[in-house]
>>> print(open('data.txt').read())   # compact mmCIF, C-alpha atoms
# COMPACT_ATOMS: atom_id res chain seq x y z
CA MET A 6 0.00 0.00 0.00
CA LYS A 7 1.26 3.48 -0.84
CA THR A 8 2.03 5.85 2.04
CA ILE A 9 -0.26 8.87 1.62
CA GLU A 10 0.45 11.78 3.94
CA GLY A 11 -1.11 15.21 4.21
CA ALA A 12 -0.71 18.41 6.21
CA ILE A 13 -3.63 20.46 7.46
CA GLU A 14 -3.56 23.73 9.41
CA ASN A 15 -7.20 24.66 9.80
CA VAL A 16 -10.61 23.76 8.44
CA SER A 17 -12.82 26.34 6.73
CA TYR A 18 -16.09 25.25 5.10
CA GLU A 19 -19.66 26.40 4.57
CA ALA A 20 -22.30 23.65 4.36
CA GLN A 21 -25.42 24.25 2.24
CA LEU A 22 -27.64 21.23 2.92
CA THR A 23 -28.09 21.92 6.63
CA PRO A 24 -31.65 21.98 8.06
CA GLU A 25 -33.06 24.29 10.73
CA LEU A 26 -32.13 22.76 14.08
CA THR A 27 -34.44 22.21 17.05
CA VAL A 28 -33.46 24.18 20.16
CA TYR A 29 -33.44 22.56 23.62
CA LYS A 30 -32.92 24.20 27.01
CA PHE A 31 -30.05 22.53 28.84
CA ASP A 32 -32.12 21.82 31.96
CA LYS A 33 -34.73 19.94 29.92
CA PHE A 34 -32.34 18.17 27.55
CA ASP A 35 -32.51 14.35 27.39
CA ILE A 36 -30.22 12.69 24.88
CA ASN A 37 -32.54 9.68 24.63
CA THR A 38 -35.57 11.64 23.44
CA ALA A 39 -33.86 14.51 21.62
CA LYS A 40 -33.66 14.59 17.83
CA SER A 41 -30.55 13.35 16.03
CA ALA A 42 -29.15 16.89 15.88
CA GLY A 43 -30.05 20.20 17.46
CA ILE A 44 -28.94 23.10 19.62
CA ILE A 45 -28.59 23.08 23.42
CA VAL A 46 -28.97 26.47 25.10
CA ALA A 47 -27.82 27.37 28.62
CA ALA A 48 -27.81 30.72 30.41
CA LYS A 49 -24.54 31.99 28.94
CA SER A 50 -23.61 29.48 26.25
CA GLN A 51 -24.92 27.19 23.55
CA VAL A 52 -23.66 24.28 21.48
CA ALA A 53 -24.90 22.40 18.45
CA TYR A 54 -25.06 18.67 19.11
CA SER A 55 -25.37 15.49 17.10
CA LYS A 56 -25.86 11.99 18.47
CA TRP A 57 -24.81 8.52 17.39
CA VAL A 58 -26.99 5.43 17.87
CA SER A 59 -23.96 3.17 17.53
CA PRO A 60 -20.23 3.82 17.98
CA LYS A 61 -19.53 2.16 14.63
CA ARG A 62 -19.61 4.71 11.81
CA THR A 63 -20.47 2.27 9.03
CA ARG A 64 -23.75 1.05 10.54
CA THR A 65 -25.60 4.36 10.70
CA TYR A 66 -25.19 7.90 9.36
CA PRO A 67 -23.45 9.81 12.17
CA PHE A 68 -21.49 11.97 9.73
CA GLU A 69 -24.75 13.21 8.21
CA ARG A 70 -25.92 14.32 11.66
CA ILE A 71 -22.64 16.11 12.34
CA TYR A 72 -22.84 17.75 8.90
CA ASN A 73 -26.24 19.16 9.92
CA THR A 74 -24.55 21.04 12.78
CA TYR A 75 -21.44 22.10 10.88
CA ASN A 76 -22.22 25.79 10.40
CA SER A 77 -22.64 26.30 14.15
CA PRO A 78 -19.70 27.99 15.93
CA LYS A 79 -19.39 25.31 18.63
CA LYS A 80 -20.17 21.65 18.02
CA ILE A 81 -20.31 18.46 20.08
CA THR A 82 -21.10 14.91 19.09
CA ILE A 83 -22.41 12.35 21.57
CA ILE A 84 -21.21 8.77 21.07
CA PRO A 85 -21.89 5.58 23.05
CA ILE A 86 -18.51 4.12 23.92
CA LEU A 87 -19.89 0.58 23.56
CA LYS A 88 -23.12 -0.99 22.32
CA ASP A 89 -23.92 -4.65 22.93
CA GLU A 90 -27.15 -5.72 21.24
CA GLY A 91 -27.10 -9.14 22.92
CA ALA A 92 -25.33 -12.41 22.18
CA ASP A 93 -27.31 -12.85 18.93
CA GLY A 94 -26.68 -9.26 17.84
CA ASP A 95 -23.73 -7.00 17.18
CA MET A 96 -21.29 -5.50 19.64
CA ASP A 97 -19.85 -2.19 18.44
CA LYS A 98 -17.06 -0.19 20.07
CA VAL A 99 -15.75 3.32 19.56
CA GLN A 100 -12.68 3.57 17.34
CA PHE A 101 -9.73 5.87 17.80
CA SER A 102 -10.10 7.01 14.20
CA THR A 103 -13.37 8.65 15.24
CA PHE A 104 -11.40 10.90 17.59
CA SER A 105 -9.09 11.75 14.69
CA TRP A 106 -11.97 12.95 12.54
CA MET A 107 -13.56 14.96 15.33
CA SER A 108 -10.36 16.57 16.62
CA LEU A 109 -9.26 17.74 13.20
CA MET A 110 -12.69 19.23 12.49
CA GLY A 111 -13.09 21.07 15.80
CA ILE A 112 -15.84 18.85 17.22
CA HIS A 113 -15.93 17.97 20.93
CA VAL A 114 -16.61 14.30 21.66
CA VAL A 115 -18.98 13.40 24.50
CA LEU A 116 -18.80 9.73 25.44
CA GLY A 117 -21.85 8.02 26.92
CA TYR A 118 -22.75 4.56 28.15
CA TYR A 119 -26.03 2.64 28.12
CA ASP A 120 -27.48 2.02 31.56
CA SER A 121 -30.85 0.48 30.68
CA ALA A 122 -32.33 -1.83 28.03
CA LYS A 123 -35.15 -4.30 27.43
CA LYS A 124 -35.36 -7.76 25.94
CA ASN A 125 -36.44 -7.60 22.30
CA LEU A 126 -39.88 -9.25 22.28
CA SER A 127 -40.82 -8.52 18.66
CA ASN A 128 -42.16 -11.53 16.75
CA SER A 129 -38.98 -11.99 14.74
CA GLN A 130 -36.59 -11.57 17.71
CA LYS A 131 -38.35 -12.86 20.84
CA ASP A 132 -36.60 -16.24 20.71
CA ARG A 133 -33.17 -14.69 20.30
CA GLU A 134 -30.73 -13.14 22.76
CA LYS A 135 -31.36 -9.55 21.68
CA LEU A 136 -31.62 -6.24 23.52
CA THR A 137 -33.64 -3.21 22.45
CA SER A 138 -34.69 0.24 23.76
CA GLN A 139 -31.21 0.98 25.05
CA ARG A 140 -30.92 4.31 26.86
CA LEU A 141 -27.81 6.33 27.63
CA ASN A 142 -27.15 7.64 31.13
CA ASN A 143 -28.41 11.16 30.50
CA LEU A 144 -26.87 12.74 33.61
CA PHE A 145 -23.41 11.48 32.65
CA VAL A 146 -23.80 12.95 29.15
CA LYS A 147 -25.02 16.30 30.47
CA GLU A 148 -22.14 16.60 32.93
CA GLN A 149 -19.70 16.49 30.00
CA ILE A 150 -21.77 18.98 27.99
CA LYS A 151 -21.81 21.38 30.96
CA GLU A 152 -18.04 21.04 31.31
CA ILE A 153 -17.51 21.81 27.61
CA MET A 154 -19.77 24.86 27.85
CA ARG A 155 -18.08 26.11 31.01
CA HIS A 156 -14.39 25.65 30.25
CA ARG A 157 -14.37 26.46 26.52
CA LEU A 158 -11.47 24.15 25.71
CA GLU A 159 -10.75 23.74 22.02
CA ALA A 160 -12.02 20.42 20.69
CA ILE A 161 -8.57 18.98 20.08
CA HIS A 162 -7.55 19.61 23.71
CA TRP A 163 -10.84 18.33 25.13
CA ASN A 164 -10.65 15.14 23.06
CA ARG A 165 -7.03 14.56 24.08
CA THR A 166 -7.94 14.77 27.74
CA LEU A 167 -10.95 12.52 27.25
CA ILE A 168 -8.77 9.82 25.70
CA LYS A 169 -5.88 10.18 28.10
CA ASP A 170 -7.71 10.50 31.41
CA ARG A 171 -11.25 9.17 31.08
CA LEU A 172 -11.57 6.60 28.31
CA ILE A 173 -10.89 3.53 30.46
CA GLU A 174 -13.09 4.88 33.27
CA ILE A 175 -16.04 5.31 30.88
CA LEU A 176 -15.42 1.91 29.30
CA ASP A 177 -15.49 0.31 32.76
CA LEU A 178 -18.79 2.07 33.48
CA ALA A 179 -20.21 0.63 30.24
CA ILE A 180 -19.00 -2.89 30.96
CA GLY A 181 -20.37 -2.77 34.52
CA SER A 182 -23.68 -1.42 33.26
CA TYR A 183 -24.08 -4.25 30.75
CA SER A 184 -23.42 -6.73 33.56
CA ARG A 185 -26.40 -5.26 35.42
CA ILE A 186 -28.53 -5.13 32.26
CA THR A 187 -28.00 -8.84 31.50
CA LYS A 188 -28.94 -9.79 35.09
CA LYS A 189 -32.11 -7.70 34.94
CA THR A 190 -33.28 -8.68 31.45
CA LYS A 191 -31.99 -12.29 31.48
CA VAL A 192 -30.61 -11.62 27.98
CA LYS A 193 -27.19 -13.10 27.30
CA ILE A 194 -24.63 -10.62 26.01
CA HIS A 195 -21.20 -11.10 24.48
CA SER A 196 -18.73 -12.82 26.76
CA TYR A 197 -16.99 -10.94 29.54
CA GLN A 198 -13.72 -12.33 28.17
CA SER A 199 -14.41 -10.52 24.91
CA LEU A 200 -15.07 -7.24 26.70
CA SER A 201 -12.05 -7.70 28.96
CA SER A 202 -9.85 -8.39 25.93
CA PHE A 203 -11.18 -5.25 24.26
CA ARG A 204 -10.44 -3.23 27.41
CA ASP A 205 -6.86 -4.49 27.45
CA LYS A 206 -6.52 -3.60 23.77
CA VAL A 207 -7.83 -0.09 24.39
CA LEU A 208 -5.46 0.38 27.33
CA GLU A 209 -2.54 -0.72 25.17
CA ASP A 210 -3.56 1.43 22.24
CA ILE A 211 -4.12 4.55 24.35
CA GLU A 212 -0.38 4.58 24.92
CA VAL A 213 0.28 4.12 21.21
CA TYR A 214 -2.32 6.71 20.26
CA LYS A 215 -0.80 9.19 22.71
CA GLU A 216 2.58 8.69 21.08
CA ILE A 217 1.49 9.50 17.55
CA SER A 218 -1.63 11.64 17.95
CA LEU A 219 -0.91 13.56 21.09
CA LYS A 220 2.87 13.97 21.12
CA GLY A 221 3.95 13.22 17.58
CA SER A 222 6.10 10.27 16.57
CA LYS A 223 9.79 10.09 17.35
CA GLY A 224 11.73 9.09 14.28
CA ALA A 225 11.07 7.01 11.17
CA SER A 226 11.56 3.59 12.72
CA ASN A 227 9.28 4.39 15.66
CA ARG A 228 6.71 5.89 13.28
CA GLU A 229 6.70 2.76 11.13
CA PHE A 230 5.94 0.53 14.11
CA LEU A 231 3.29 2.82 15.56
CA THR A 232 1.64 3.47 12.21
CA LYS A 233 1.28 -0.23 11.50
CA HIS A 234 -0.04 -0.93 14.98
CA VAL A 235 -2.71 1.74 15.02
CA ARG A 236 -3.70 1.22 11.40
CA GLU A 237 -4.55 -2.38 12.16
CA PHE A 238 -6.63 -1.32 15.13
CA LEU A 239 -8.41 1.56 13.45
CA SER A 240 -9.16 0.25 9.99
CA ASP A 241 -12.82 0.04 8.98
CA GLY A 242 -12.09 -1.93 5.81
CA GLU A 243 -10.10 -2.04 2.62
CA LYS A 244 -10.14 1.67 1.93
CA CYS A 245 -7.38 4.13 1.17
CA GLN A 246 -5.50 5.18 4.31
CA LEU A 247 -4.30 8.75 4.81
CA ILE A 248 -2.05 10.06 7.55
CA LEU A 249 -2.77 13.73 8.27
CA LYS A 250 -0.51 15.95 10.36
CA ASN A 251 -1.86 19.07 12.02
CA TYR A 252 -0.12 22.22 13.20
CA LEU A 253 0.56 20.68 16.62
CA GLY A 254 2.59 17.88 15.09
CA GLY A 255 0.14 15.07 15.83
CA GLU A 256 -0.71 12.35 13.31
CA TYR A 257 -4.26 11.28 12.53
CA PHE A 258 -5.36 8.21 10.58
CA LEU A 259 -8.32 8.53 8.22
CA THR A 260 -9.85 6.60 5.33
CA ALA A 261 -11.11 7.67 1.90
CA ASP A 262 -12.98 5.54 -0.63
CA GLU A 263 -10.18 5.85 -3.15
CA ILE A 264 -7.43 8.01 -4.60
CA ILE A 265 -7.48 8.25 -8.39
CA LYS A 266 -4.65 9.44 -10.63
CA GLU A 267 -5.76 11.54 -13.60
CA GLY A 268 -2.75 12.66 -15.59
CA SER A 269 -0.31 14.25 -13.17
CA LYS A 270 -3.01 15.03 -10.61
CA TYR A 271 -4.57 12.90 -7.87
CA ILE A 272 -8.21 12.98 -6.77
CA ILE A 273 -9.34 11.98 -3.27
CA GLN A 274 -12.79 10.60 -3.99
CA GLU A 275 -15.83 9.61 -1.96
CA SER A 276 -18.44 7.69 -3.97
CA LYS A 277 -22.18 7.24 -3.38
CA ASN A 278 -24.42 5.06 -5.54
CA THR A 279 -28.13 4.32 -5.84
CA SER A 280 -30.05 1.91 -8.03
CA LYS A 281 -33.58 3.22 -7.46
CA THR A 282 -33.50 7.02 -7.64
CA ILE A 283 -31.83 9.76 -9.68
CA LEU A 284 -29.52 10.74 -6.82
CA PRO A 285 -28.43 8.91 -3.68
CA SER A 286 -30.34 9.93 -0.55
CA ARG A 287 -29.49 13.19 1.16
CA SER A 288 -28.21 11.13 4.10
CA ASP A 289 -25.72 9.41 1.80
CA ILE A 290 -24.72 12.68 0.16
CA LYS A 291 -24.17 14.46 3.49
CA ASP A 292 -22.11 11.53 4.76
CA GLY A 293 -19.80 11.92 1.77
CA LEU A 294 -19.69 15.71 2.03
CA PHE A 295 -18.67 15.56 5.69
CA LYS A 296 -15.56 13.59 4.77
CA LEU A 297 -14.75 15.99 1.95
CA ILE A 298 -14.91 18.94 4.37
CA LEU A 299 -11.68 17.68 5.85
CA PHE A 300 -10.06 16.33 2.69
CA SER A 301 -10.69 19.59 0.80
CA ASN A 302 -8.85 21.51 3.52
CA ILE A 303 -5.63 19.50 3.20
CA ASP A 304 -2.85 21.98 2.43
CA LYS A 305 -0.21 19.54 1.15
CA LEU A 306 -0.35 15.92 0.01
CA SER A 307 2.52 13.52 -0.62
CA ILE A 308 2.54 9.94 -1.90
CA ASP A 309 5.54 7.80 -1.01
CA GLY A 310 7.33 10.97 0.08
CA LYS A 311 6.75 12.90 -3.16
CA SER A 312 4.62 16.04 -3.14
CA VAL A 313 1.65 15.83 -5.56
CA SER A 314 -1.10 18.15 -6.78
CA PHE A 315 -4.59 16.98 -5.87
CA SER A 316 -8.24 17.85 -5.54
CA THR A 317 -11.23 16.26 -3.83
CA ARG A 318 -14.40 14.95 -5.41
CA MET A 319 -17.66 13.23 -4.58
CA LYS A 320 -19.06 10.92 -7.25
CA LEU A 321 -22.83 10.34 -7.27
CA THR A 322 -23.99 7.53 -9.56
CA SER A 323 -27.31 6.05 -10.64
CA PRO A 324 -28.54 4.01 -13.62
CA HIS A 325 -31.17 6.70 -14.20
CA ILE A 326 -28.67 9.48 -15.00
CA ALA A 327 -28.86 10.22 -18.73
CA GLU A 328 -26.20 12.93 -18.93
CA GLN A 329 -23.06 13.42 -16.87
CA LEU A 330 -22.69 16.66 -14.88
CA LEU A 331 -19.56 17.98 -13.16
CA LEU A 332 -20.13 20.63 -10.48
CA PRO A 333 -19.41 23.50 -10.06
CA VAL A 334 -20.92 25.06 -13.17
CA LYS A 335 -22.29 28.51 -13.99
CA LYS A 336 -26.02 29.08 -13.48
CA ASP A 337 -26.80 29.25 -17.20
CA LYS A 338 -25.06 25.92 -17.82
CA LEU A 339 -26.96 24.32 -14.94
CA ASP A 340 -30.27 25.65 -16.27
CA GLU A 341 -29.45 24.18 -19.67
CA TYR A 342 -28.71 20.81 -18.06
CA PHE A 343 -32.05 20.90 -16.24
CA ALA A 344 -33.87 21.74 -19.49
CA ARG A 345 -32.25 18.85 -21.37
CA ASN A 346 -33.10 16.40 -18.57
CA SER A 347 -36.48 17.78 -17.49
CA SER A 348 -38.23 14.48 -18.25
CA ILE A 349 -36.35 12.63 -15.49
CA LEU A 350 -35.45 15.35 -12.97
CA LYS A 351 -38.04 16.17 -10.31
CA VAL A 352 -38.22 19.62 -8.73
CA ALA A 353 -36.79 18.30 -5.44
CA THR A 354 -33.86 16.68 -7.27
CA MET A 355 -33.08 19.90 -9.13
CA GLY A 356 -33.21 21.73 -5.78
CA THR A 357 -30.65 19.34 -4.31
CA ILE A 358 -28.35 19.76 -7.32
CA LYS A 359 -28.60 23.56 -7.02
CA LEU A 360 -27.54 23.37 -3.36
CA LEU A 361 -24.69 21.01 -4.22
CA ASN A 362 -23.53 23.41 -6.92
CA LYS A 363 -23.54 26.25 -4.39
CA GLU A 364 -21.64 24.07 -1.89
CA VAL A 365 -18.78 23.33 -4.26
CA THR A 366 -18.79 26.93 -5.53
CA GLU A 367 -18.47 28.39 -2.02
CA ASN A 368 -15.73 25.97 -0.90
CA ARG A 369 -12.25 25.33 -2.25
CA ASN A 370 -10.70 22.33 -3.96
CA ILE A 371 -13.89 20.29 -4.23
CA SER A 372 -16.11 19.07 -7.08
CA ILE A 373 -19.09 16.74 -7.49
CA LEU A 374 -19.53 14.37 -10.44
CA ILE A 375 -23.06 13.16 -11.20
CA ALA A 376 -22.92 10.21 -13.61
CA SER A 377 -24.47 6.94 -14.74
CA ASN A 378 -23.32 3.70 -13.14
CA ILE A 379 -24.14 1.66 -16.25
>>> encode(input="data.txt", output="structure tokens")
Amino acid sequence: MKTIEGAIENVSYEAQLTPELTVYKFDKFDINTAKSAGIIVAAKSQVAYSKWVSPKRTRTYPFERIYNTYNSPKKITIIPILKDEGADGDMDKVQFSTFSWMSLMGIHVVLGYYDSAKKNLSNSQKDREKLTSQRLNNLFVKEQIKEIMRHRLEAIHWNRTLIKDRLIEILDLAIGSYSRITKKTKVKIHSYQSLSSFRDKVLEDIEVYKEISLKGSKGASNREFLTKHVREFLSDGEKCQLILKNYLGGEYFLTADEIIKEGSKYIIQESKNTSKTILPSRSDIKDGLFKLILFSNIDKLSIDGKSVSFSTRMKLTSPHIAEQLLLPVKKDKLDEYFARNSSILKVATMGTIKLLNKEVTENRNISILIASNI
């Protein structure tokens, strides 16, 4: 695999597909009943929040929810550190790469743990060892939110402290809570040995993560060992790995769908596909755009130690696309495209494309390709 490294100093971006957010008073806020994204208001401060229903990014659309808050000046995202759906279900755990994404993009992480659940008694699941209706400890979540509001630490410093000083404590709370849940519900969960092994792995990797993300690596040979170690732990799948360095000297490990070489230039690309509609869903599109917020703000990119020119792109494909379109384009060109494809483009679809065109026009080093997948 090629070594792809980038440098990033700050992130500047204006999102266009963001909805109006619901506002909650801090005293009345309950993470379990609140919408997937919104604004929390206290007497002298406010934050935009998003919440995850699983710590694993690939199972839901957490990046879409964070995207919806992106234009707010201060942002938090609330993540369960662990989610065990029962012995016949999945067990998902937070990944260090999630902290990389959030720290680089100025988003404070709030870690929660589930302290109540019920046996799944639906017709299709009642004979299986499955949990449902899991609820986070709301007080524990709100204590962190209050601390973020009060102390005004930058996200990168807050997230560092959370990893260094509190990650194992919160993981232990989650493991202990699931022990109580299984006794109360009589639902078998994944083995304690599995959770204990994961805890040991986290404890080991906190030290490694601190070396490369919090202090910077110390020499090429040390970097090679640490990079390999954390890559194996963080990887979500067979995607392209990037190592980004920020102005503090830390290293952060991220994934992109692919890097494509076109002539002498490289393109960092996120791809979204649909088989039923003209465009992928807005959730899919926002998920891809969130990743491109960071990639489009990379200042320098090198492959195998050689500096290269690059851009970032999202590719949206469907079998129903009759004519390819590369955004950004001028308004008259976009109107001509709509006229030629009026028989297949609905008003809502044209509205989405207009917003996407504005998004890539307002932000640097980013394009969107709409094309057929046939």
>>> closest_residue(input="data.txt", among="A:Asp35, A:Glu159, A:Asp205, A:Asp89", to="Ile180 (chain A)", atoms="all atoms listed in the file")
A:Asp89
>>> closest_residue(input="data.txt", among="A:Tyr257, A:Tyr342, A:Phe295, A:Phe203", to="Ile9 (chain A)", atoms="only C-alpha atoms")
A:Tyr257
>>> closest_residue(input="data.txt", among="A:Ile71, A:Ala20, A:Val192, A:Ala160", to="Glu90 (chain A)", atoms="all atoms listed in the file")
A:Val192
>>> residues_near_point(input="data.txt", point="(-30.2, 13.0, 27.5)", cutoff="9 Å", atoms="all atoms listed in the file", output="list in words")
Lys33, Phe34, Asp35, Ile36, Asn37, Thr38, Ala39, Arg140, Leu141, Asn142, Asn143, Leu144, Phe145, Val146 and Lys147 of chain A
>>> write_last_selection(input="data.txt", atoms="C-alpha atoms", output="PDB file, in the coordinates of the input")
ATOM      1  CA  LYS A  33     -34.730  19.940  29.920  1.00  0.00           C
ATOM      2  CA  PHE A  34     -32.340  18.170  27.550  1.00  0.00           C
ATOM      3  CA  ASP A  35     -32.510  14.350  27.390  1.00  0.00           C
ATOM      4  CA  ILE A  36     -30.220  12.690  24.880  1.00  0.00           C
ATOM      5  CA  ASN A  37     -32.540   9.680  24.630  1.00  0.00           C
ATOM      6  CA  THR A  38     -35.570  11.640  23.440  1.00  0.00           C
ATOM      7  CA  ALA A  39     -33.860  14.510  21.620  1.00  0.00           C
ATOM      8  CA  ARG A 140     -30.920   4.310  26.860  1.00  0.00           C
ATOM      9  CA  LEU A 141     -27.810   6.330  27.630  1.00  0.00           C
ATOM     10  CA  ASN A 142     -27.150   7.640  31.130  1.00  0.00           C
ATOM     11  CA  ASN A 143     -28.410  11.160  30.500  1.00  0.00           C
ATOM     12  CA  LEU A 144     -26.870  12.740  33.610  1.00  0.00           C
ATOM     13  CA  PHE A 145     -23.410  11.480  32.650  1.00  0.00           C
ATOM     14  CA  VAL A 146     -23.800  12.950  29.150  1.00  0.00           C
ATOM     15  CA  LYS A 147     -25.020  16.300  30.470  1.00  0.00           C
TER      16      LYS A 147
END
>>> residues_near_point(input="data.txt", point="(-17.6, 21.0, 13.7)", cutoff="6 Å", atoms="only C-alpha atoms", output="JSON, numbers by chain")
{"A": [75, 80, 110, 111, 112]}
>>> atom_distance(input="data.txt", atom1="CA of Ser55 (chain A)", atom2="CA of Tyr118 (chain A)")
15.8 Å
>>> closest_residue(input="data.txt", among="A:Lys123, A:Ile371, A:Asp170, A:Asn346", to="Lys189 (chain A)", atoms="only C-alpha atoms")
A:Lys123
>>> closest_residue(input="data.txt", among="A:Gln139, A:Leu176, A:Ile44, A:Glu69", to="Val99 (chain A)", atoms="all atoms listed in the file")
A:Leu176
>>> residues_around(input="data.txt", residues="region 92-96 of chain A", least_positions_apart="3", cutoff="9 Å", atoms="only C-alpha atoms", output="PyMOL selection string")
chain A and resi 87-89+133-136+192-196
>>> residues_around(input="data.txt", residues="Gly117 (chain A)", least_positions_apart="5", cutoff="6 Å", atoms="only C-alpha atoms", output="list in words")
Ile84, Pro85, Ile86 and Val146 of chain A
>>> build_atoms(input="data.txt", residues="region 36-60 of chain A", atoms="N, CA and C atoms", output="PDB file, keeping the file's coordinate frame")
ATOM      1  N   ILE A  36     -30.824  13.230  26.091  1.00  0.00           N
ATOM      2  CA  ILE A  36     -30.220  12.690  24.880  1.00  0.00           C
ATOM      3  C   ILE A  36     -31.035  11.562  24.284  1.00  0.00           C
ATOM      4  N   ASN A  37     -31.784  10.848  25.109  1.00  0.00           N
ATOM      5  CA  ASN A  37     -32.540   9.680  24.630  1.00  0.00           C
ATOM      6  C   ASN A  37     -33.803  10.047  23.864  1.00  0.00           C
ATOM      7  N   THR A  38     -34.341  11.225  24.124  1.00  0.00           N
ATOM      8  CA  THR A  38     -35.570  11.640  23.440  1.00  0.00           C
ATOM      9  C   THR A  38     -35.340  12.786  22.452  1.00  0.00           C
ATOM     10  N   ALA A  39     -34.176  13.398  22.519  1.00  0.00           N
ATOM     11  CA  ALA A  39     -33.860  14.510  21.620  1.00  0.00           C
ATOM     12  C   ALA A  39     -33.686  14.021  20.188  1.00  0.00           C
ATOM     13  N   LYS A  40     -33.854  14.925  19.240  1.00  0.00           N
ATOM     14  CA  LYS A  40     -33.660  14.590  17.830  1.00  0.00           C
ATOM     15  C   LYS A  40     -32.186  14.285  17.552  1.00  0.00           C
ATOM     16  N   SER A  41     -31.910  13.793  16.359  1.00  0.00           N
ATOM     17  CA  SER A  41     -30.550  13.350  16.030  1.00  0.00           C
ATOM     18  C   SER A  41     -29.543  14.485  16.005  1.00  0.00           C
ATOM     19  N   ALA A  42     -30.019  15.720  15.833  1.00  0.00           N
ATOM     20  CA  ALA A  42     -29.150  16.890  15.880  1.00  0.00           C
ATOM     21  C   ALA A  42     -29.984  18.086  16.326  1.00  0.00           C
ATOM     22  N   GLY A  43     -29.327  19.042  16.984  1.00  0.00           N
ATOM     23  CA  GLY A  43     -30.050  20.200  17.460  1.00  0.00           C
ATOM     24  C   GLY A  43     -29.109  21.175  18.144  1.00  0.00           C
ATOM     25  N   ILE A  44     -29.699  22.101  18.893  1.00  0.00           N
ATOM     26  CA  ILE A  44     -28.940  23.100  19.620  1.00  0.00           C
ATOM     27  C   ILE A  44     -29.347  23.051  21.090  1.00  0.00           C
ATOM     28  N   ILE A  45     -28.352  23.057  21.977  1.00  0.00           N
ATOM     29  CA  ILE A  45     -28.590  23.080  23.420  1.00  0.00           C
ATOM     30  C   ILE A  45     -28.218  24.474  23.924  1.00  0.00           C
ATOM     31  N   VAL A  46     -29.168  25.100  24.636  1.00  0.00           N
ATOM     32  CA  VAL A  46     -28.970  26.470  25.100  1.00  0.00           C
ATOM     33  C   VAL A  46     -28.957  26.504  26.617  1.00  0.00           C
ATOM     34  N   ALA A  47     -27.897  27.109  27.189  1.00  0.00           N
ATOM     35  CA  ALA A  47     -27.820  27.370  28.620  1.00  0.00           C
ATOM     36  C   ALA A  47     -27.849  28.876  28.838  1.00  0.00           C
ATOM     37  N   ALA A  48     -27.676  29.303  30.089  1.00  0.00           N
ATOM     38  CA  ALA A  48     -27.810  30.720  30.410  1.00  0.00           C
ATOM     39  C   ALA A  48     -26.836  31.588  29.645  1.00  0.00           C
ATOM     40  N   LYS A  49     -25.562  31.149  29.546  1.00  0.00           N
ATOM     41  CA  LYS A  49     -24.540  31.990  28.940  1.00  0.00           C
ATOM     42  C   LYS A  49     -23.814  31.312  27.783  1.00  0.00           C
ATOM     43  N   SER A  50     -24.327  30.204  27.307  1.00  0.00           N
ATOM     44  CA  SER A  50     -23.610  29.480  26.250  1.00  0.00           C
ATOM     45  C   SER A  50     -24.580  28.592  25.482  1.00  0.00           C
ATOM     46  N   GLN A  51     -24.147  28.173  24.303  1.00  0.00           N
ATOM     47  CA  GLN A  51     -24.920  27.190  23.550  1.00  0.00           C
ATOM     48  C   GLN A  51     -23.991  26.385  22.676  1.00  0.00           C
ATOM     49  N   VAL A  52     -24.412  25.161  22.369  1.00  0.00           N
ATOM     50  CA  VAL A  52     -23.660  24.280  21.480  1.00  0.00           C
ATOM     51  C   VAL A  52     -24.630  23.581  20.542  1.00  0.00           C
ATOM     52  N   ALA A  53     -24.151  23.269  19.348  1.00  0.00           N
ATOM     53  CA  ALA A  53     -24.900  22.400  18.450  1.00  0.00           C
ATOM     54  C   ALA A  53     -24.449  20.977  18.720  1.00  0.00           C
ATOM     55  N   TYR A  54     -25.402  20.053  18.797  1.00  0.00           N
ATOM     56  CA  TYR A  54     -25.060  18.670  19.110  1.00  0.00           C
ATOM     57  C   TYR A  54     -25.534  17.738  18.002  1.00  0.00           C
ATOM     58  N   SER A  55     -24.885  16.609  17.908  1.00  0.00           N
ATOM     59  CA  SER A  55     -25.370  15.490  17.100  1.00  0.00           C
ATOM     60  C   SER A  55     -25.190  14.240  17.942  1.00  0.00           C
ATOM     61  N   LYS A  56     -25.985  13.209  17.668  1.00  0.00           N
ATOM     62  CA  LYS A  56     -25.860  11.990  18.470  1.00  0.00           C
ATOM     63  C   LYS A  56     -25.746  10.771  17.577  1.00  0.00           C
ATOM     64  N   TRP A  57     -25.017   9.790  18.069  1.00  0.00           N
ATOM     65  CA  TRP A  57     -24.810   8.520  17.390  1.00  0.00           C
ATOM     66  C   TRP A  57     -25.673   7.460  18.060  1.00  0.00           C
ATOM     67  N   VAL A  58     -26.232   6.543  17.285  1.00  0.00           N
ATOM     68  CA  VAL A  58     -26.990   5.430  17.870  1.00  0.00           C
ATOM     69  C   VAL A  58     -26.121   4.183  17.975  1.00  0.00           C
ATOM     70  N   SER A  59     -24.935   4.248  17.424  1.00  0.00           N
ATOM     71  CA  SER A  59     -23.960   3.170  17.530  1.00  0.00           C
ATOM     72  C   SER A  59     -22.576   3.788  17.409  1.00  0.00           C
ATOM     73  N   PRO A  60     -21.579   3.257  18.120  1.00  0.00           N
ATOM     74  CA  PRO A  60     -20.230   3.820  17.980  1.00  0.00           C
ATOM     75  C   PRO A  60     -19.544   3.468  16.679  1.00  0.00           C
TER      76      PRO A  60
END
